[in-house]
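Visitor: File target_0.pdb below, PDB, C-alpha atoms and all ligand atoms:
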ATOM      1  CA  MET F   1     113.368  98.977  83.853
ATOM      2  CA  ARG F   2     114.699  99.436  87.361
ATOM      3  CA  LEU F   3     114.620  96.814  90.094
ATOM      4  CA  ILE F   4     114.691  97.923  93.713
ATOM      5  CA  ILE F   5     115.347  95.258  96.344
ATOM      6  CA  ARG F   6     114.407  95.663  99.984
ATOM      7  CA  ASP F   7     114.734  93.252 102.913
ATOM      8  CA  ASP F   8     111.076  92.429 103.498
ATOM      9  CA  PRO F   9     107.496  93.346 102.479
ATOM     10  CA  THR F  10     107.267  96.137 105.084
ATOM     11  CA  ALA F  11     110.371  97.835 103.699
ATOM     12  CA  VAL F  12     108.991  97.377 100.162
ATOM     13  CA  GLY F  13     105.702  99.006 101.208
ATOM     14  CA  SER F  14     107.467 101.894 102.841
ATOM     15  CA  TYR F  15     109.694 102.472  99.774
ATOM     16  CA  ILE F  16     106.734 102.480  97.367
ATOM     17  CA  ALA F  17     104.575 104.683  99.612
ATOM     18  CA  ASN F  18     107.327 107.285  99.911
ATOM     19  CA  TYR F  19     107.896 107.084  96.159
ATOM     20  CA  ILE F  20     104.208 107.658  95.375
ATOM     21  CA  CYS F  21     104.032 110.414  97.981
ATOM     22  CA  LYS F  22     106.908 112.259  96.304
ATOM     23  CA  ARG F  23     105.375 111.820  92.859
ATOM     24  CA  ILE F  24     101.996 113.190  93.985
ATOM     25  CA  ASN F  25     103.524 116.101  95.890
ATOM     26  CA  ASP F  26     105.903 116.999  93.041
ATOM     27  CA  PHE F  27     102.938 116.885  90.633
ATOM     28  CA  GLY F  28     101.031 119.359  92.814
ATOM     29  CA  PRO F  29      97.538 118.083  91.950
ATOM     30  CA  THR F  30      94.574 120.439  91.899
ATOM     31  CA  ALA F  31      90.826 119.892  91.453
ATOM     32  CA  GLU F  32      91.245 120.892  87.792
ATOM     33  CA  LYS F  33      94.344 118.777  87.240
ATOM     34  CA  PRO F  34      94.206 115.779  89.577
ATOM     35  CA  PHE F  35      96.899 113.124  89.904
ATOM     36  CA  VAL F  36      95.583 109.927  88.298
ATOM     37  CA  LEU F  37      96.748 106.839  90.148
ATOM     38  CA  GLY F  38      96.192 103.193  89.189
ATOM     39  CA  LEU F  39      95.858 100.764  92.095
ATOM     40  CA  PRO F  40      95.958  96.992  92.667
ATOM     41  CA  THR F  41      94.454  94.580  95.157
ATOM     42  CA  GLY F  42      96.024  91.466  96.676
ATOM     43  CA  SER F  43      98.074  90.885  99.794
ATOM     44  CA  SER F  44     101.309  92.310  98.323
ATOM     45  CA  PRO F  45     100.206  95.990  98.203
ATOM     46  CA  ILE F  46      98.820  95.970 101.778
ATOM     47  CA  PRO F  47     102.110  97.182 103.372
ATOM     48  CA  THR F  48     102.161  99.997 100.771
ATOM     49  CA  TYR F  49      98.583 100.966 101.658
ATOM     50  CA  LYS F  50      99.454 100.930 105.371
ATOM     51  CA  ALA F  51     102.452 103.191 104.743
ATOM     52  CA  LEU F  52     100.399 105.550 102.539
ATOM     53  CA  ILE F  53      97.695 105.807 105.237
ATOM     54  CA  LYS F  54     100.431 106.708 107.750
ATOM     55  CA  LEU F  55     101.744 109.449 105.446
ATOM     56  CA  VAL F  56      98.200 110.823 105.070
ATOM     57  CA  LYS F  57      97.672 110.781 108.824
ATOM     58  CA  GLU F  58     100.996 112.566 109.359
ATOM     59  CA  GLY F  59      99.816 115.280 106.975
ATOM     60  CA  LYS F  60     102.574 114.556 104.422
ATOM     61  CA  LEU F  61     100.189 113.428 101.689
ATOM     62  CA  SER F  62      96.649 114.188 100.595
ATOM     63  CA  PHE F  63      94.349 112.263  98.263
ATOM     64  CA  LYS F  64      91.974 115.203  97.950
ATOM     65  CA  ASN F  65      93.027 115.818  94.359
ATOM     66  CA  VAL F  66      93.900 112.256  93.423
ATOM     67  CA  VAL F  67      91.708 110.174  91.128
ATOM     68  CA  THR F  68      92.153 106.397  91.353
ATOM     69  CA  PHE F  69      91.478 103.583  88.901
ATOM     70  CA  ASN F  70      91.639 100.011  90.138
ATOM     71  CA  MET F  71      93.114  97.275  88.007
ATOM     72  CA  ASP F  72      90.401  94.675  88.185
ATOM     73  CA  GLU F  73      87.264  93.236  89.791
ATOM     74  CA  TYR F  74      85.639  89.821  89.888
ATOM     75  CA  VAL F  75      82.578  89.249  87.726
ATOM     76  CA  GLY F  76      79.374  88.342  89.521
ATOM     77  CA  LEU F  77      80.625  88.717  93.085
ATOM     78  CA  PRO F  78      78.305  91.065  94.997
ATOM     79  CA  ARG F  79      79.946  94.443  95.512
ATOM     80  CA  ASP F  80      79.616  94.122  99.296
ATOM     81  CA  HIS F  81      81.083  90.580  99.390
ATOM     82  CA  THR F  82      84.066  90.498 101.775
ATOM     83  CA  GLU F  83      86.361  89.452  98.909
ATOM     84  CA  SER F  84      85.156  91.805  96.194
ATOM     85  CA  TYR F  85      87.879  94.234  95.184
ATOM     86  CA  HIS F  86      85.480  97.076  96.044
ATOM     87  CA  THR F  87      85.303  95.852  99.636
ATOM     88  CA  PHE F  88      89.055  95.224  99.694
ATOM     89  CA  MET F  89      89.931  98.741  98.570
ATOM     90  CA  PHE F  90      87.691 100.463 101.116
ATOM     91  CA  ARG F  91      88.684  98.068 103.920
ATOM     92  CA  GLU F  92      92.441  98.257 103.300
ATOM     93  CA  PHE F  93      92.805 101.800 102.058
ATOM     94  CA  PHE F  94      90.110 104.321 101.238
ATOM     95  CA  SER F  95      88.200 104.092 104.526
ATOM     96  CA  HIS F  96      91.364 104.813 106.512
ATOM     97  CA  SER F  97      92.410 108.059 104.911
ATOM     98  CA  LYS F  98      89.845 110.062 106.857
ATOM     99  CA  SER F  99      89.075 113.736 106.520
ATOM    100  CA  PRO F 100      90.655 116.246 106.058
ATOM    101  CA  PHE F 101      92.740 114.094 103.694
ATOM    102  CA  ASP F 102      89.865 111.876 102.658
ATOM    103  CA  ILE F 103      89.564 110.811  99.034
ATOM    104  CA  PRO F 104      86.120 111.753  97.742
ATOM    105  CA  PRO F 105      84.302 108.520  96.650
ATOM    106  CA  SER F 106      83.480 110.210  93.338
ATOM    107  CA  GLN F 107      87.223 110.085  92.574
ATOM    108  CA  VAL F 108      87.459 106.331  93.140
ATOM    109  CA  ASN F 109      86.986 104.214  90.006
ATOM    110  CA  ILE F 110      86.580 100.444  90.277
ATOM    111  CA  LEU F 111      85.191  98.265  87.521
ATOM    112  CA  ASP F 112      81.644  97.032  88.175
ATOM    113  CA  GLY F 113      81.680  93.256  87.834
ATOM    114  CA  ASN F 114      77.897  93.197  88.146
ATOM    115  CA  ALA F 115      77.171  95.648  85.345
ATOM    116  CA  GLU F 116      74.350  94.567  83.068
ATOM    117  CA  ASP F 117      76.536  95.122  80.021
ATOM    118  CA  LEU F 118      80.070  94.104  80.968
ATOM    119  CA  ILE F 119      81.574  95.049  77.611
ATOM    120  CA  ALA F 120      80.074  98.535  77.831
ATOM    121  CA  GLU F 121      81.435  98.798  81.389
ATOM    122  CA  CYS F 122      84.966  97.968  80.164
ATOM    123  CA  ASN F 123      84.777 100.386  77.246
ATOM    124  CA  ALA F 124      83.470 103.161  79.494
ATOM    125  CA  TYR F 125      86.370 102.536  81.911
ATOM    126  CA  GLU F 126      88.936 103.038  79.150
ATOM    127  CA  LYS F 127      87.097 106.184  78.088
ATOM    128  CA  ARG F 128      87.030 107.530  81.636
ATOM    129  CA  ILE F 129      90.804 106.974  81.962
ATOM    130  CA  LYS F 130      91.381 108.824  78.675
ATOM    131  CA  GLY F 131      89.012 111.570  79.838
ATOM    132  CA  TYR F 132      91.400 112.281  82.704
ATOM    133  CA  GLY F 133      94.321 112.461  80.292
ATOM    134  CA  GLY F 134      95.601 108.977  81.142
ATOM    135  CA  ILE F 135      97.106 107.447  84.238
ATOM    136  CA  GLU F 136     100.124 109.169  85.741
ATOM    137  CA  LEU F 137     101.366 106.230  87.792
ATOM    138  CA  PHE F 138      99.992 102.691  87.779
ATOM    139  CA  LEU F 139     100.855 100.679  90.854
ATOM    140  CA  GLY F 140     100.498  96.983  90.066
ATOM    141  CA  GLY F 141     100.825  93.581  91.624
ATOM    142  CA  ILE F 142     101.387  90.222  89.964
ATOM    143  CA  GLY F 143     100.119  86.684  90.259
ATOM    144  CA  GLU F 144     102.368  83.655  90.661
ATOM    145  CA  ASP F 145     102.044  82.997  86.924
ATOM    146  CA  GLY F 146     103.345  86.486  86.196
ATOM    147  CA  HIS F 147      99.971  88.028  85.371
ATOM    148  CA  ILE F 148      99.620  91.757  85.851
ATOM    149  CA  ALA F 149      96.095  92.789  86.919
ATOM    150  CA  PHE F 150      94.155  89.737  85.618
ATOM    151  CA  ASN F 151      96.085  89.515  82.341
ATOM    152  CA  GLU F 152      96.600  85.792  82.501
ATOM    153  CA  PRO F 153      99.300  83.954  80.516
ATOM    154  CA  GLY F 154      98.566  84.272  76.819
ATOM    155  CA  SER F 155      96.862  87.655  77.136
ATOM    156  CA  SER F 156      97.511  89.951  74.242
ATOM    157  CA  LEU F 157     100.136  92.546  75.051
ATOM    158  CA  ALA F 158      97.887  94.964  73.120
ATOM    159  CA  SER F 159      94.877  94.129  75.327
ATOM    160  CA  ARG F 160      92.657  96.773  76.854
ATOM    161  CA  THR F 161      90.026  96.661  79.597
ATOM    162  CA  ARG F 162      87.898  93.576  79.047
ATOM    163  CA  ILE F 163      86.306  90.437  80.477
ATOM    164  CA  LYS F 164      88.821  87.726  81.252
ATOM    165  CA  THR F 165      88.444  84.085  82.187
ATOM    166  CA  LEU F 166      90.762  83.270  85.072
ATOM    167  CA  ALA F 167      93.485  80.669  84.768
ATOM    168  CA  TYR F 168      92.945  77.621  86.950
ATOM    169  CA  ASP F 169      96.222  78.408  88.792
ATOM    170  CA  THR F 170      94.872  81.840  89.703
ATOM    171  CA  ILE F 171      91.614  80.316  90.954
ATOM    172  CA  LEU F 172      93.671  77.951  93.127
ATOM    173  CA  ALA F 173      95.912  80.783  94.368
ATOM    174  CA  ASN F 174      92.947  83.001  95.231
ATOM    175  CA  ALA F 175      90.974  80.223  96.954
ATOM    176  CA  ARG F 176      92.841  81.206 100.144
ATOM    177  CA  PHE F 177      90.615  84.300 100.276
ATOM    178  CA  PHE F 178      87.482  82.155  99.948
ATOM    179  CA  ASN F 179      88.054  79.746 102.877
ATOM    180  CA  ASN F 180      90.043  77.527 100.501
ATOM    181  CA  ASP F 181      86.790  76.705  98.720
ATOM    182  CA  ILE F 182      87.845  76.563  95.069
ATOM    183  CA  SER F 183      84.227  76.468  93.913
ATOM    184  CA  ALA F 184      83.577  79.842  95.578
ATOM    185  CA  VAL F 185      86.229  81.683  93.550
ATOM    186  CA  PRO F 186      84.703  83.587  90.615
ATOM    187  CA  ARG F 187      85.773  82.242  87.235
ATOM    188  CA  MET F 188      85.787  85.572  85.451
ATOM    189  CA  ALA F 189      86.960  89.102  86.073
ATOM    190  CA  LEU F 190      87.040  92.507  84.463
ATOM    191  CA  THR F 191      90.584  93.760  84.101
ATOM    192  CA  VAL F 192      92.526  96.590  82.566
ATOM    193  CA  GLY F 193      94.603  95.306  79.653
ATOM    194  CA  VAL F 194      98.362  95.078  79.324
ATOM    195  CA  ALA F 195      98.234  98.036  76.927
ATOM    196  CA  THR F 196      96.135 100.011  79.435
ATOM    197  CA  VAL F 197      98.943  99.578  81.964
ATOM    198  CA  LEU F 198     101.656 100.341  79.402
ATOM    199  CA  ASP F 199      99.843 103.566  78.461
ATOM    200  CA  SER F 200     100.458 104.964  81.939
ATOM    201  CA  ARG F 201     103.246 107.458  82.185
ATOM    202  CA  GLU F 202     104.903 105.432  84.919
ATOM    203  CA  VAL F 203     104.443 101.879  86.211
ATOM    204  CA  VAL F 204     105.494 100.639  89.646
ATOM    205  CA  VAL F 205     105.022  96.966  90.479
ATOM    206  CA  VAL F 206     105.221  95.304  93.877
ATOM    207  CA  VAL F 207     106.514  91.722  93.990
ATOM    208  CA  THR F 208     107.056  90.024  97.332
ATOM    209  CA  GLY F 209     107.513  86.482  98.524
ATOM    210  CA  GLN F 210     109.255  83.423  97.167
ATOM    211  CA  ARG F 211     106.108  82.195  95.391
ATOM    212  CA  LYS F 212     106.522  85.127  92.952
ATOM    213  CA  ALA F 213     110.233  84.430  92.336
ATOM    214  CA  LEU F 214     109.810  82.481  89.094
ATOM    215  CA  ALA F 215     107.492  85.140  87.644
ATOM    216  CA  LEU F 216     109.991  87.856  88.555
ATOM    217  CA  SER F 217     112.846  85.969  86.892
ATOM    218  CA  LYS F 218     110.750  85.529  83.742
ATOM    219  CA  ALA F 219     110.039  89.258  83.606
ATOM    220  CA  ILE F 220     113.521  90.473  84.519
ATOM    221  CA  GLY F 221     115.675  87.618  83.315
ATOM    222  CA  THR F 222     118.741  86.189  84.957
ATOM    223  CA  SER F 223     122.441  86.286  84.299
ATOM    224  CA  GLN F 224     123.670  83.495  82.063
ATOM    225  CA  PRO F 225     127.075  81.844  81.696
ATOM    226  CA  ASP F 226     129.003  83.222  78.724
ATOM    227  CA  CYS F 227     132.555  81.954  78.705
ATOM    228  CA  THR F 228     132.783  81.673  74.943
ATOM    229  CA  SER F 229     134.689  84.890  74.466
ATOM    230  CA  ALA F 230     138.423  84.824  75.168
ATOM    231  CA  THR F 231     138.329  88.436  76.307
ATOM    232  CA  LYS F 232     135.925  87.430  79.009
ATOM    233  CA  ALA F 233     137.945  84.448  80.147
ATOM    234  CA  ASP F 234     139.408  86.227  83.133
ATOM    235  CA  GLN F 235     136.184  87.987  84.033
ATOM    236  CA  SER F 236     133.172  86.623  85.778
ATOM    237  CA  CYS F 237     131.965  84.618  82.769
ATOM    238  CA  PHE F 238     128.447  85.951  83.141
ATOM    239  CA  ILE F 239     126.376  88.280  81.065
ATOM    240  CA  LEU F 240     123.036  89.752  81.970
ATOM    241  CA  THR F 241     120.267  88.583  79.713
ATOM    242  CA  GLU F 242     116.662  89.522  80.100
ATOM    243  CA  GLU F 243     114.179  86.915  79.052
ATOM    244  CA  GLY F 244     112.297  88.384  76.131
ATOM    245  CA  VAL F 245     108.930  90.041  76.260
ATOM    246  CA  ASN F 246     106.526  87.120  76.384
ATOM    247  CA  HIS F 247     102.751  87.029  76.563
ATOM    248  CA  LEU F 248     103.005  83.925  78.768
ATOM    249  CA  TRP F 249     104.483  86.159  81.500
ATOM    250  CA  THR F 250     102.556  89.368  80.983
ATOM    251  CA  LEU F 251     104.641  91.290  83.529
ATOM    252  CA  SER F 252     107.515  91.028  81.041
ATOM    253  CA  ALA F 253     105.679  93.574  78.856
ATOM    254  CA  LEU F 254     107.088  96.189  81.237
ATOM    255  CA  GLN F 255     110.340  95.859  79.284
ATOM    256  CA  LEU F 256     108.550  97.930  76.633
ATOM    257  CA  HIS F 257     107.716 100.729  79.054
ATOM    258  CA  PRO F 258     110.001 103.759  79.226
ATOM    259  CA  TRP F 259     109.495 104.289  82.962
ATOM    260  CA  ALA F 260     108.988 101.077  84.880
ATOM    261  CA  LEU F 261     110.057 100.195  88.375
ATOM    262  CA  ILE F 262     109.702  96.835  90.116
ATOM    263  CA  VAL F 263     110.113  96.835  93.891
ATOM    264  CA  VAL F 264     110.732  93.431  95.445
ATOM    265  CA  ASP F 265     111.777  91.807  98.685
ATOM    266  CA  GLU F 266     114.760  89.473  99.052
ATOM    267  CA  ASP F 267     112.521  86.373  98.929
ATOM    268  CA  ALA F 268     111.215  87.326  95.494
ATOM    269  CA  THR F 269     114.776  87.336  94.103
ATOM    270  CA  ALA F 270     115.247  83.598  94.825
ATOM    271  CA  GLU F 271     115.221  82.634  91.135
ATOM    272  CA  LEU F 272     117.581  85.402  90.011
ATOM    273  CA  HIS F 273     121.310  84.867  89.783
ATOM    274  CA  VAL F 274     123.363  86.596  92.488
ATOM    275  CA  LYS F 275     125.049  88.607  89.732
ATOM    276  CA  THR F 276     121.684  89.926  88.500
ATOM    277  CA  VAL F 277     120.735  90.990  92.013
ATOM    278  CA  LYS F 278     124.126  92.645  92.492
ATOM    279  CA  TYR F 279     123.790  94.444  89.183
ATOM    280  CA  PHE F 280     120.464  96.043  90.110
ATOM    281  CA  LYS F 281     121.743  96.893  93.593
ATOM    282  CA  SER F 282     124.760  98.605  92.018
ATOM    283  CA  ILE F 283     122.461 100.701  89.814
ATOM    284  CA  GLU F 284     120.583 101.861  92.901
ATOM    285  CA  PHE F 285     123.885 102.631  94.634
ATOM    286  CA  VAL F 286     125.043 104.823  91.741
ATOM    287  CA  GLN F 287     121.624 106.520  91.524
ATOM    288  CA  ASP F 288     121.817 107.335  95.258
ATOM    289  CA  GLN F 289     125.243 108.897  94.703
ATOM    290  CA  VAL F 290     123.907 111.010  91.816
ATOM    291  CA  GLU F 291     120.961 112.209  93.892
ATOM    292  CA  LYS F 292     123.215 113.012  96.856
ATOM    293  CA  SER F 293     125.555 115.067  94.716
ATOM    294  CA  GLN F 294     122.568 116.929  93.240
ATOM    295  CA  ARG F 295     121.287 117.720  96.724
ATOM    296  CA  ASP F 296     124.765 118.977  97.714
ATOM    297  CA  LEU F 297     125.000 121.157  94.590
ATOM    298  CA  LYS F 298     121.549 122.567  95.296
ATOM    299  CA  ALA F 299     122.386 123.245  98.936
ATOM    300  CA  ARG F 300     125.479 125.169  97.766
ATOM    301  CA  GLY F 301     123.351 127.174  95.332
ATOM    302  CA  LYS F 302     125.133 125.724  92.285
ATOM    303  CA  ILE F 303     121.966 124.370  90.664
ATOM    304  CA  THR F 304     118.300 125.260  90.930
ATOM    305  CA  GLU F 305     115.353 123.039  91.882
ATOM    306  CA  GLU F 306     114.368 122.805  88.183
ATOM    307  CA  GLN F 307     117.849 121.643  87.250
ATOM    308  CA  VAL F 308     117.687 118.940  89.927
ATOM    309  CA  GLY F 309     114.542 117.600  88.253
ATOM    310  CA  SER F 310     116.064 117.715  84.790
ATOM    311  CA  MET F 311     119.119 115.774  85.965
ATOM    312  CA  GLU F 312     117.069 112.891  87.449
TER     313      GLU F 312
HETATM  314  N1  LIG X 401      94.041  90.194  90.126
HETATM  315  C1  LIG X 401      94.849  90.194  91.291
HETATM  316  C2  LIG X 401      96.166  90.792  90.897
HETATM  317  O1  LIG X 401      95.959  92.133  90.479
HETATM  318  C3  LIG X 401      97.119  90.718  92.050
HETATM  319  O2  LIG X 401      98.320  91.306  91.682
HETATM  320  C4  LIG X 401      97.311  89.280  92.443
HETATM  321  C5  LIG X 401      98.341  89.080  93.516
HETATM  322  O3  LIG X 401      97.836  88.822  94.757
HETATM  323  P1  LIG X 401      98.748  88.690  96.014
HETATM  324  O4  LIG X 401      99.426  89.984  96.197
HETATM  325  O5  LIG X 401      97.788  88.389  97.128
HETATM  326  O6  LIG X 401      99.688  87.579  95.759
HETATM  327  O7  LIG X 401      96.052  88.798  92.858
HETATM  328  C6  LIG X 401      95.030  88.825  91.892
HETATM  329  O8  LIG X 401      95.287  87.858  90.939
END
Write out the structure in this file as structure tokens.
Ligand SMILES: N[C@@H]1[C@@H](O)[C@H](O)[C@@H](COP(=O)(O)O)O[C@@H]1O

Guide:
Amino acid sequence: MRLIIRDDPTAVGSYIANYICKRINDFGPTAEKPFVLGLPTGSSPIPTYKALIKLVKEGKLSFKNVVTFNMDEYVGLPRDHTESYHTFMFREFFSHSKSPFDIPPSQVNILDGNAEDLIAECNAYEKRIKGYGGIELFLGGIGEDGHIAFNEPGSSLASRTRIKTLAYDTILANARFFNNDISAVPRMALTVGVATVLDSREVVVVVTGQRKALALSKAIGTSQPDCTSATKADQSCFILTEEGVNHLWTLSALQLHPWALIVVDEDATAELHVKTVKYFKSIEFVQDQVEKSQRDLKARGKITEEQVGSME
């Protein structure tokens, strides 16, 4: 798992948008082989959506051959309600990427929280994802209790798309979108499962703000004192320890994924030890050096484009 730290939510959004843009363009999607992208709602991904819209408008990115699957949707909230995730996605994203880079609505998949048979709706969603050959990149957000999509604490790490009762903390947290009227927040949602997310070839998660700091530390872990060893006596006396994978912090399941990236702002790192933050920053520093040297080698004709990819 990699952790990328940026100064603020805008810089996080810009990093993720450029990352997704590169992935889609490198993939070279066609009508026959579209890029399948998982998407979240919430306030955290809004800067990413803004940055993606900008890239589309600048002609650097097209969603013409991208198929999207959203993470979740409330149960029983009318589709055209201002706070339904359908409305959110079109308001914050899909309606902005106008023609000629428009995403055809037939390529947008969002769970129907008003379906007559909710279980059948969830099963069909999983089937549709499989029908496209799986999700290439799942962009996710998290709740303050560390839930990914609506996989509340205690969710099975083997869970798939299903109906989920919301935790009271989530209802409280989301009341801000319903004029702070707790009674107006739906009690249930349809959500992709933890295993649905883990099945994706790549997972990128956005975590911003101090209120997510504890959840981030539970998923990533912190550095711990370890002065027991004599050989370490003159060193910093700290080792990096990840907290284990734990269904009470479902984001931590990303530790099981071979290609996971969490992009956070400085505020979200508040519960991490300085050493942990420095460690992840040093990894990014080394990675930047590797990429720079690859670009130099390529510019000097020493390696080919394919070799650059294979060295990533
Ligand atoms: N089900 C959604 C999650 O998918 C989202 O990640 C979370 C975070 O919202 P925000 O980014 O507004 O904190 O909100 C809801 O709980």

Visitor: Could you tell me, as a ChimeraX atom specification, exactly which residues end up selected when the PyMOL selection byres (((not hetatm)) within 10 of (chain X and resi 401)) is applied to this structure?

Guide: /F:39-46,70-74,85,139-152,166-167,169-171,173-174,176-177,189-192,205-209,211-212

Visitor: For Lys164 in chain F, which of F:Leu61, F:Val75, F:Ala195, F:Val290 is the closest residue, counting only C-alpha atoms?

Guide: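 Smallest distance to Lys164 in chain F is found for F:Val75.
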
Visitor: Which residues match the PyMOL selection byres (((chain F and resi 255) around 10) and not hetatm) in the file above, as a ChimeraX atom specification?

Guide: /F:1-2,198,219-220,242-246,251-254,256-260

Visitor: Hey, what's within 9 Å of Ala158 in chain F if we count only C-alpha atoms and toss same-chain stuff fewer than 3 positions away? As JSON, numbers by chain, please?

Guide: {"F": [155, 193, 194, 195, 196]}

Visitor: Could you list, as a CSV table (one decimal) with C-alpha atoms, keeping the file's coordinate frame, every residue matched by the PyMOL selection byres (((chain F and resi 32-34) around 6) and not hetatm) in this structure?

Guide:
chain,number,residue,atom,x,y,z
F,29,PRO,CA,97.5,118.1,92.0
F,30,THR,CA,94.6,120.4,91.9
F,31,ALA,CA,90.8,119.9,91.5
F,35,PHE,CA,96.9,113.1,89.9
F,65,ASN,CA,93.0,115.8,94.4
F,66,VAL,CA,93.9,112.3,93.4

Visitor: Quick one: pull the distance between CA of Asn179 in chain F and CA of Leu77 in chain F, Å, one decimal.

Guide: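 Answer for the CA of Asn179 in chain F to CA of Leu77 in chain F separation: 15.2 Å.
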
Visitor: Mind working out the centre and edge lengths of an axis-aligned box for range 128-131 of chain F, all listed atoms inside, 6 Å added to each side, rounded to one decimal in Å and written as AutoDock Vina command-line options?

Guide:
--center_x 89.2 --center_y 109.3 --center_z 80.3 --size_x 16.4 --size_y 16.6 --size_z 15.3

Visitor: Go through F:Asn123, F:Ser183, F:Ser293, F:Ser156 one by one, measure the shortest atom-to-atom distance of each to His247 in chain F using all atoms listed in the file, and give the residue with the smallest value.

Guide: F:Ser156

Visitor: Would you mind reading off the distance between CA of Pro104 in chain F and CA of Lys64 in chain F, one decimal, in Å?

Guide: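 Taking CA of Pro104 in chain F and CA of Lys64 in chain F, their separation equals 6.8 Å.
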
Visitor: So which residues touch Ile129 in chain F within 9 Å, counting only C-alpha atoms, skipping near sequence neighbours fewer than 5 positions away, as a list of chain:residue names?

Guide: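 With the cut-off at 9 Å, the set is F:Val36, F:Phe69, F:Ala124, F:Gly134, F:Ile135.
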
Visitor: Mind pulling up the distance from CA of Val286 in chain F to CA of Ser200 in chain F?

Guide: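 Computing it gives 26.5 Å between the two atoms.
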
Visitor: Nearest to Lys218 in chain F: which of F:Arg300, F:Asp265, F:Glu271, F:Glu121 is it, counting all atoms listed in the file?

Guide: F:Glu271
